[in-house]
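Participant: Structure file coords_33.pdb (PDB, C-alpha atoms) right here:
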ATOM      1  CA  MET A 141     -16.876 -15.655   1.615  1.00  0.00           C
ATOM      2  CA  ILE A 142     -15.199 -16.327   4.935  1.00  0.00           C
ATOM      3  CA  TYR A 143     -14.911 -13.878   7.782  1.00  0.00           C
ATOM      4  CA  SER A 144     -13.889 -13.307  11.368  1.00  0.00           C
ATOM      5  CA  GLU A 145     -15.506 -10.735  13.626  1.00  0.00           C
ATOM      6  CA  GLY A 146     -13.587  -8.303  15.791  1.00  0.00           C
ATOM      7  CA  LYS A 147     -13.931  -5.023  17.638  1.00  0.00           C
ATOM      8  CA  VAL A 148     -12.002  -1.781  17.368  1.00  0.00           C
ATOM      9  CA  GLY A 149      -9.289  -1.529  19.999  1.00  0.00           C
ATOM     10  CA  ARG A 150      -6.750   1.268  20.187  1.00  0.00           C
ATOM     11  CA  ILE A 151      -6.555   3.928  17.499  1.00  0.00           C
ATOM     12  CA  PHE A 152      -3.126   5.308  16.618  1.00  0.00           C
ATOM     13  CA  ILE A 153      -2.512   8.605  14.837  1.00  0.00           C
ATOM     14  CA  ILE A 154       0.920   8.233  13.247  1.00  0.00           C
ATOM     15  CA  ARG A 155       3.110  10.784  11.525  1.00  0.00           C
ATOM     16  CA  LEU A 156       5.566   9.062   9.230  1.00  0.00           C
ATOM     17  CA  GLY A 157       8.783  10.906   8.483  1.00  0.00           C
ATOM     18  CA  ASP A 158      11.003  11.516   5.487  1.00  0.00           C
ATOM     19  CA  ASP A 159      12.527   8.239   4.238  1.00  0.00           C
ATOM     20  CA  ASP A 160      10.277   5.970   6.346  1.00  0.00           C
ATOM     21  CA  ILE A 161       9.655   2.899   4.204  1.00  0.00           C
ATOM     22  CA  LEU A 162       6.184   1.433   3.775  1.00  0.00           C
ATOM     23  CA  PRO A 163       5.105  -1.239   4.566  1.00  0.00           C
ATOM     24  CA  TYR A 164       8.105  -2.033   6.792  1.00  0.00           C
ATOM     25  CA  CYS A 165       7.833   0.868   9.230  1.00  0.00           C
ATOM     26  CA  ILE A 166       4.204  -0.040  10.025  1.00  0.00           C
ATOM     27  CA  GLU A 167       5.126  -3.690  10.591  1.00  0.00           C
ATOM     28  CA  LYS A 168       7.828  -2.585  13.058  1.00  0.00           C
ATOM     29  CA  PHE A 169       5.403  -0.177  14.758  1.00  0.00           C
ATOM     30  CA  ALA A 170       2.814  -2.954  15.107  1.00  0.00           C
ATOM     31  CA  GLU A 171       5.389  -5.332  16.539  1.00  0.00           C
ATOM     32  CA  LYS A 172       6.572  -2.740  19.080  1.00  0.00           C
ATOM     33  CA  HIS A 173       3.026  -1.908  20.196  1.00  0.00           C
ATOM     34  CA  GLY A 174       1.634  -5.449  20.197  1.00  0.00           C
ATOM     35  CA  ILE A 175      -0.859  -4.875  17.370  1.00  0.00           C
ATOM     36  CA  THR A 176      -1.871  -8.149  15.758  1.00  0.00           C
ATOM     37  CA  VAL A 177      -4.680  -7.156  13.392  1.00  0.00           C
ATOM     38  CA  GLY A 178      -5.566  -3.719  12.080  1.00  0.00           C
ATOM     39  CA  GLN A 179      -6.655  -1.455   9.278  1.00  0.00           C
ATOM     40  CA  ALA A 180      -4.896   1.752   8.222  1.00  0.00           C
ATOM     41  CA  ILE A 181      -5.576   4.833   6.144  1.00  0.00           C
ATOM     42  CA  LEU A 182      -2.679   6.881   4.715  1.00  0.00           C
ATOM     43  CA  ILE A 183      -2.294  10.327   3.139  1.00  0.00           C
ATOM     44  CA  GLY A 184       0.888  12.220   2.372  1.00  0.00           C
ATOM     45  CA  GLY A 185       3.816  12.021  -0.005  1.00  0.00           C
ATOM     46  CA  ILE A 186       5.863   9.191  -1.517  1.00  0.00           C
ATOM     47  CA  LYS A 187       9.168   9.891  -3.242  1.00  0.00           C
ATOM     48  CA  SER A 188      10.666   6.593  -4.370  1.00  0.00           C
ATOM     49  CA  GLY A 189      10.369   2.836  -4.480  1.00  0.00           C
ATOM     50  CA  ASP A 190       8.246   0.570  -6.644  1.00  0.00           C
ATOM     51  CA  ILE A 191       4.535   0.009  -7.040  1.00  0.00           C
ATOM     52  CA  ILE A 192       3.003  -3.248  -8.255  1.00  0.00           C
ATOM     53  CA  VAL A 193       0.428  -2.363 -10.900  1.00  0.00           C
ATOM     54  CA  GLY A 194      -0.930  -5.784 -11.795  1.00  0.00           C
ATOM     55  CA  PRO A 195      -0.017  -9.154 -13.188  1.00  0.00           C
ATOM     56  CA  ARG A 196       1.400  -9.314 -16.718  1.00  0.00           C
ATOM     57  CA  LYS A 197      -1.170 -11.977 -17.657  1.00  0.00           C
ATOM     58  CA  ASN A 198      -4.406 -12.586 -15.791  1.00  0.00           C
ATOM     59  CA  ASN A 199      -4.479 -16.344 -16.458  1.00  0.00           C
ATOM     60  CA  GLU A 200      -0.924 -17.195 -15.361  1.00  0.00           C
ATOM     61  CA  MET A 201      -0.410 -18.568 -11.843  1.00  0.00           C
ATOM     62  CA  PRO A 202       1.516 -17.638  -9.908  1.00  0.00           C
ATOM     63  CA  PRO A 203       1.317 -14.232 -11.583  1.00  0.00           C
ATOM     64  CA  ASP A 204       4.322 -12.316 -12.844  1.00  0.00           C
ATOM     65  CA  PRO A 205       3.942  -8.897 -11.164  1.00  0.00           C
ATOM     66  CA  MET A 206       4.205  -5.715 -13.220  1.00  0.00           C
ATOM     67  CA  MET A 207       6.211  -3.148 -11.294  1.00  0.00           C
ATOM     68  CA  LEU A 208       6.725   0.520 -11.975  1.00  0.00           C
ATOM     69  CA  PRO A 209       9.320   2.737 -10.321  1.00  0.00           C
ATOM     70  CA  ILE A 210       7.995   5.659  -8.308  1.00  0.00           C
ATOM     71  CA  ASP A 211       9.798   8.395 -10.172  1.00  0.00           C
ATOM     72  CA  GLY A 212       9.638  11.667  -8.267  1.00  0.00           C
ATOM     73  CA  VAL A 213       7.450  12.924  -5.440  1.00  0.00           C
ATOM     74  CA  HIS A 214       3.803  11.831  -5.601  1.00  0.00           C
ATOM     75  CA  GLU A 215       0.775  12.628  -3.486  1.00  0.00           C
ATOM     76  CA  VAL A 216      -0.544   9.421  -1.921  1.00  0.00           C
ATOM     77  CA  VAL A 217      -3.761   8.080  -0.476  1.00  0.00           C
ATOM     78  CA  GLY A 218      -3.826   4.460   0.619  1.00  0.00           C
ATOM     79  CA  ILE A 219      -5.556   1.860   2.695  1.00  0.00           C
ATOM     80  CA  GLY A 220      -4.120  -1.303   4.161  1.00  0.00           C
ATOM     81  CA  VAL A 221      -4.743  -4.342   6.329  1.00  0.00           C
ATOM     82  CA  LEU A 222      -2.395  -5.591   9.029  1.00  0.00           C
ATOM     83  CA  ALA A 223      -2.436  -9.293   9.939  1.00  0.00           C
ATOM     84  CA  PRO A 224       0.092 -11.768  11.290  1.00  0.00           C
ATOM     85  CA  ASP A 225       2.044 -13.871   8.800  1.00  0.00           C
ATOM     86  CA  LYS A 226       2.556 -17.628   9.175  1.00  0.00           C
ATOM     87  CA  SER A 227       5.215 -17.015  11.847  1.00  0.00           C
ATOM     88  CA  GLY A 228       3.025 -14.548  13.761  1.00  0.00           C
ATOM     89  CA  LYS A 229       4.927 -11.410  12.700  1.00  0.00           C
ATOM     90  CA  PRO A 230       2.934  -8.349  11.540  1.00  0.00           C
ATOM     91  CA  SER A 231       2.408  -8.208   7.773  1.00  0.00           C
ATOM     92  CA  PHE A 232       1.012  -4.982   6.299  1.00  0.00           C
ATOM     93  CA  HIS A 233      -0.639  -5.093   2.869  1.00  0.00           C
ATOM     94  CA  ILE A 234      -1.299  -1.604   1.496  1.00  0.00           C
ATOM     95  CA  HIS A 235      -2.691  -0.415  -1.827  1.00  0.00           C
ATOM     96  CA  ALA A 236      -2.389   3.224  -2.766  1.00  0.00           C
ATOM     97  CA  ALA A 237      -3.131   5.762  -5.449  1.00  0.00           C
ATOM     98  CA  LEU A 238      -0.130   7.953  -6.258  1.00  0.00           C
ATOM     99  CA  GLY A 239      -0.654  11.186  -8.187  1.00  0.00           C
ATOM    100  CA  ARG A 240       1.789  13.501  -9.963  1.00  0.00           C
ATOM    101  CA  SER A 241       1.311  16.033 -12.751  1.00  0.00           C
ATOM    102  CA  GLY A 242      -2.334  15.133 -13.247  1.00  0.00           C
ATOM    103  CA  LYS A 243      -1.653  11.407 -13.626  1.00  0.00           C
ATOM    104  CA  THR A 244      -2.475   8.685 -11.126  1.00  0.00           C
ATOM    105  CA  THR A 245      -0.938   5.259 -10.642  1.00  0.00           C
ATOM    106  CA  THR A 246      -2.670   2.785  -8.364  1.00  0.00           C
ATOM    107  CA  GLY A 247      -1.267  -0.426  -6.963  1.00  0.00           C
ATOM    108  CA  CYS A 248       0.394  -2.287  -4.114  1.00  0.00           C
ATOM    109  CA  LEU A 249       3.330  -0.880  -2.123  1.00  0.00           C
ATOM    110  CA  ARG A 250       4.460  -4.364  -1.047  1.00  0.00           C
ATOM    111  CA  THR A 251       8.032  -3.977  -2.314  1.00  0.00           C
ATOM    112  CA  GLY A 252       8.633  -0.742  -0.419  1.00  0.00           C
ATOM    113  CA  ALA A 253       8.070   2.959  -0.914  1.00  0.00           C
ATOM    114  CA  LYS A 254       9.831   5.880   0.797  1.00  0.00           C
ATOM    115  CA  VAL A 255       7.817   8.643   2.401  1.00  0.00           C
ATOM    116  CA  TRP A 256       8.533  12.175   1.195  1.00  0.00           C
ATOM    117  CA  LYS A 257       8.644  14.593   4.149  1.00  0.00           C
ATOM    118  CA  VAL A 258       5.416  13.406   5.809  1.00  0.00           C
ATOM    119  CA  GLY A 259       2.844  10.662   5.784  1.00  0.00           C
ATOM    120  CA  GLU A 260      -0.213  10.783   8.004  1.00  0.00           C
ATOM    121  CA  MET A 261      -1.767   7.509   9.036  1.00  0.00           C
ATOM    122  CA  VAL A 262      -4.636   6.412  11.197  1.00  0.00           C
ATOM    123  CA  LEU A 263      -4.174   2.808  12.362  1.00  0.00           C
ATOM    124  CA  TYR A 264      -7.182   1.044  13.872  1.00  0.00           C
ATOM    125  CA  GLU A 265      -6.350  -1.984  15.992  1.00  0.00           C
ATOM    126  CA  ILE A 266      -8.873  -4.827  15.590  1.00  0.00           C
ATOM    127  CA  LEU A 267      -9.309  -7.048  18.627  1.00  0.00           C
ATOM    128  CA  GLY A 268     -10.680 -10.582  18.669  1.00  0.00           C
ATOM    129  CA  ALA A 269     -10.433 -11.295  14.936  1.00  0.00           C
ATOM    130  CA  ASP A 270      -8.707 -14.622  14.290  1.00  0.00           C
ATOM    131  CA  VAL A 271      -6.930 -14.031  10.982  1.00  0.00           C
ATOM    132  CA  ALA A 272      -3.543 -14.630   9.416  1.00  0.00           C
ATOM    133  CA  ARG A 273      -1.799 -13.837   6.159  1.00  0.00           C
ATOM    134  CA  LEU A 274      -0.874 -17.280   4.805  1.00  0.00           C
ATOM    135  CA  PRO A 275       0.837 -18.529   1.637  1.00  0.00           C
ATOM    136  CA  ASP A 276      -1.533 -19.618  -1.143  1.00  0.00           C
ATOM    137  CA  LYS A 277      -0.069 -22.262  -3.454  1.00  0.00           C
ATOM    138  CA  GLU A 278      -2.149 -21.342  -6.511  1.00  0.00           C
ATOM    139  CA  THR A 279      -1.462 -17.602  -6.586  1.00  0.00           C
ATOM    140  CA  GLY A 280       1.836 -17.408  -4.730  1.00  0.00           C
ATOM    141  CA  PHE A 281       0.306 -14.596  -2.640  1.00  0.00           C
ATOM    142  CA  ASP A 282       0.190 -14.402   1.124  1.00  0.00           C
ATOM    143  CA  LEU A 283      -3.599 -14.168   1.500  1.00  0.00           C
ATOM    144  CA  LEU A 284      -5.700 -12.937   4.412  1.00  0.00           C
ATOM    145  CA  VAL A 285      -7.352 -16.006   5.961  1.00  0.00           C
ATOM    146  CA  PRO A 286     -10.057 -15.629   8.605  1.00  0.00           C
ATOM    147  CA  ARG A 287      -9.681 -18.772  10.710  1.00  0.00           C
ATOM    148  CA  SER A 288     -12.670 -18.740  13.059  1.00  0.00           C
ATOM    149  CA  SER A 289     -15.508 -18.087  10.687  1.00  0.00           C
ATOM    150  CA  GLU A 290     -18.495 -19.505   8.952  1.00  0.00           C
ATOM    151  CA  LYS A 291     -18.421 -19.874   5.195  1.00  0.00           C
ATOM    152  CA  LYS A 292     -21.154 -17.859   3.491  1.00  0.00           C
TER
END
Taking this structure as input, can you express it in the form of structure tokens?
Facilitator:
Amino acid sequence: MIYSEGKVGRIFIIRLGDDDILPYCIEKFAEKHGITVGQAILIGGIKSGDIIVGPRKNNEMPPDPMMLPIDGVHEVVGIGVLAPDKSGKPSFHIHAALGRSGKTTTGCLRTGAKVWKVGEMVLYEILGADVARLPDKETGFDLLVPRSSEKK
């Protein structure tokens, strides 16, 4: 385990609108407001896009992602982490559970998902944490890397 300690800075209450695209709209918001690191909670509706629901094979690296289309309006609850990428730009990684007609699909919204009418988000800025989202050669993922930490 590696970690970096920080403190809560500003807290933003954000209302996302119809057709806002996650995670992109949060990355743009973070860039505009100078947020480097943060954590977000989301509730609302999602109407389209794709959700990554896992790798096709668990022993294949880099993994081949399984993607499902978001077909129709779904209720959504999600949580994500904001960290700078290798170039210092905000990168928002969000996983969500999407429900419709008594069925739930859970996964990553990395490829983009459009908000339906409204999304409500609380974004907590984290100050003082030295982290970045950096490419990992083995997995092909951009992984969260605390850079000023002790290994435990």
Participant: Evaluate the PyMOL selection byres ((chain A and resi 233) around 6) against this structure - the residues, as a ChimeraX atom specification, please.
Facilitator: /A:220-221,232,234
Participant: Produce a table with one row for each residue of segment 153-237 of chain A that has an atom at most 6 Å from any atom of segment 251-269 of chain A, each row naming the nearest atom pair and its distance in Å at one decimal; use all atoms listed in the file; arrange rows by chain and rising residue number; format as a Markdown table.
Facilitator:
| residue | atom | partner | partner_atom | distance |
| --- | --- | --- | --- | --- |
| A:Ile153 | CA | A:Val262 | CA | 4.8 |
| A:Ile154 | CA | A:Met261 | CA | 5.0 |
| A:Arg155 | CA | A:Glu260 | CA | 4.8 |
| A:Leu156 | CA | A:Gly259 | CA | 4.7 |
| A:Gly157 | CA | A:Val258 | CA | 5.0 |
| A:Asp158 | CA | A:Lys257 | CA | 4.1 |
| A:Asp159 | CA | A:Lys254 | CA | 5.0 |
| A:Asp160 | CA | A:Val255 | CA | 5.4 |
| A:Ile161 | CA | A:Lys254 | CA | 4.5 |
| A:Leu162 | CA | A:Ala253 | CA | 5.3 |
| A:Val177 | CA | A:Ile266 | CA | 5.3 |
| A:Gly178 | CA | A:Glu265 | CA | 4.4 |
| A:Gln179 | CA | A:Tyr264 | CA | 5.3 |
| A:Ala180 | CA | A:Leu263 | CA | 4.3 |
| A:Ile181 | CA | A:Val262 | CA | 5.4 |
| A:Leu182 | CA | A:Met261 | CA | 4.5 |
| A:Ile183 | CA | A:Glu260 | CA | 5.3 |
| A:Gly184 | CA | A:Gly259 | CA | 4.2 |
| A:Gly185 | CA | A:Trp256 | CA | 4.9 |
| A:Ile186 | CA | A:Val255 | CA | 4.4 |
| A:Lys187 | CA | A:Trp256 | CA | 5.0 |
| A:Ser188 | CA | A:Lys254 | CA | 5.3 |
| A:Gly189 | CA | A:Ala253 | CA | 4.2 |
Participant: Please compute the atom CA of Ala236 of chain A-atom CA of Leu249 of chain A distance, one decimal, in Å.
Facilitator: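 A separation of 7.1 Å between them.
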Participant: Between A:Ala223, A:Ile192, A:Ile142, A:Ile166, which has the minimum distance to Leu238 of chain A (counting only C-alpha atoms)?
Facilitator: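 Selected residue with least distance to Leu238 of chain A: A:Ile192.
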Participant: Starting from the PyMOL selection byres ((chain A and resi 211) around 9), expand the selection into actual residues of this file and give them as number ranges by chain.
Facilitator: A: 187-190, 208-210, 212-214
Participant: What does the file look like for those residues with C-alpha atoms, as a short mmCIF file (atom, residue, chain, number, x, y, z; two decimals), keeping the file's coordinate frame?
Facilitator:
data_model
loop_
_atom_site.label_atom_id
_atom_site.label_comp_id
_atom_site.auth_asym_id
_atom_site.auth_seq_id
_atom_site.Cartn_x
_atom_site.Cartn_y
_atom_site.Cartn_z
CA LYS A 187 9.17 9.89 -3.24
CA SER A 188 10.67 6.59 -4.37
CA GLY A 189 10.37 2.84 -4.48
CA ASP A 190 8.25 0.57 -6.64
CA LEU A 208 6.72 0.52 -11.98
CA PRO A 209 9.32 2.74 -10.32
CA ILE A 210 8.00 5.66 -8.31
CA GLY A 212 9.64 11.67 -8.27
CA VAL A 213 7.45 12.92 -5.44
CA HIS A 214 3.80 11.83 -5.60
#
Participant: Report, in Å with one decimal, the straight-line distance from atom CA of Thr245 of chain A to atom CA of Lys277 of chain A.
Facilitator: 28.5 Å
Participant: So which residues get picked by the PyMOL selection byres ((chain A and resi 227) around 10) here, written as number ranges by chain?
Facilitator: A: 224-226, 228-230, 272-274
Participant: Which value, in Å to one decimal, gives the distance between atom CA of Met207 of chain A and atom CA of Asp282 of chain A?
Facilitator: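 Computed distance, atom CA of Met207 of chain A to atom CA of Asp282 of chain A, equals 17.8 Å.
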Participant: Counting all atoms listed in the file, which of A:Gly146, A:Pro163, A:Pro205, A:Pro195 gets nearest to Val271 of chain A?
Facilitator: A:Gly146
Participant: Would you give the centre and edge lengths, in Å to one decimal, of a box along x, y and z around the listed atoms of segment 202-213 of chain A, with 4 Å added to each side, as AutoDock Vina command-line options?
Facilitator:
--center_x 5.6 --center_y -2.4 --center_z -9.3 --size_x 16.5 --size_y 38.6 --size_z 15.8
Participant: Name the closest residue to Gly218 of chain A among the candidates A:Ser231, A:Thr246, A:Asn199, A:Ser241; distances are taken between atoms, counting all atoms listed in the file.
Facilitator: A:Thr246
Participant: With all atoms listed in the file as the basis for distance, which of A:Arg250, A:His235, A:Arg240, A:Arg287 is at the shortest distance from Tyr164 of chain A?
Facilitator: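 For Tyr164 of chain A, the nearest of the given residues is A:Arg250.
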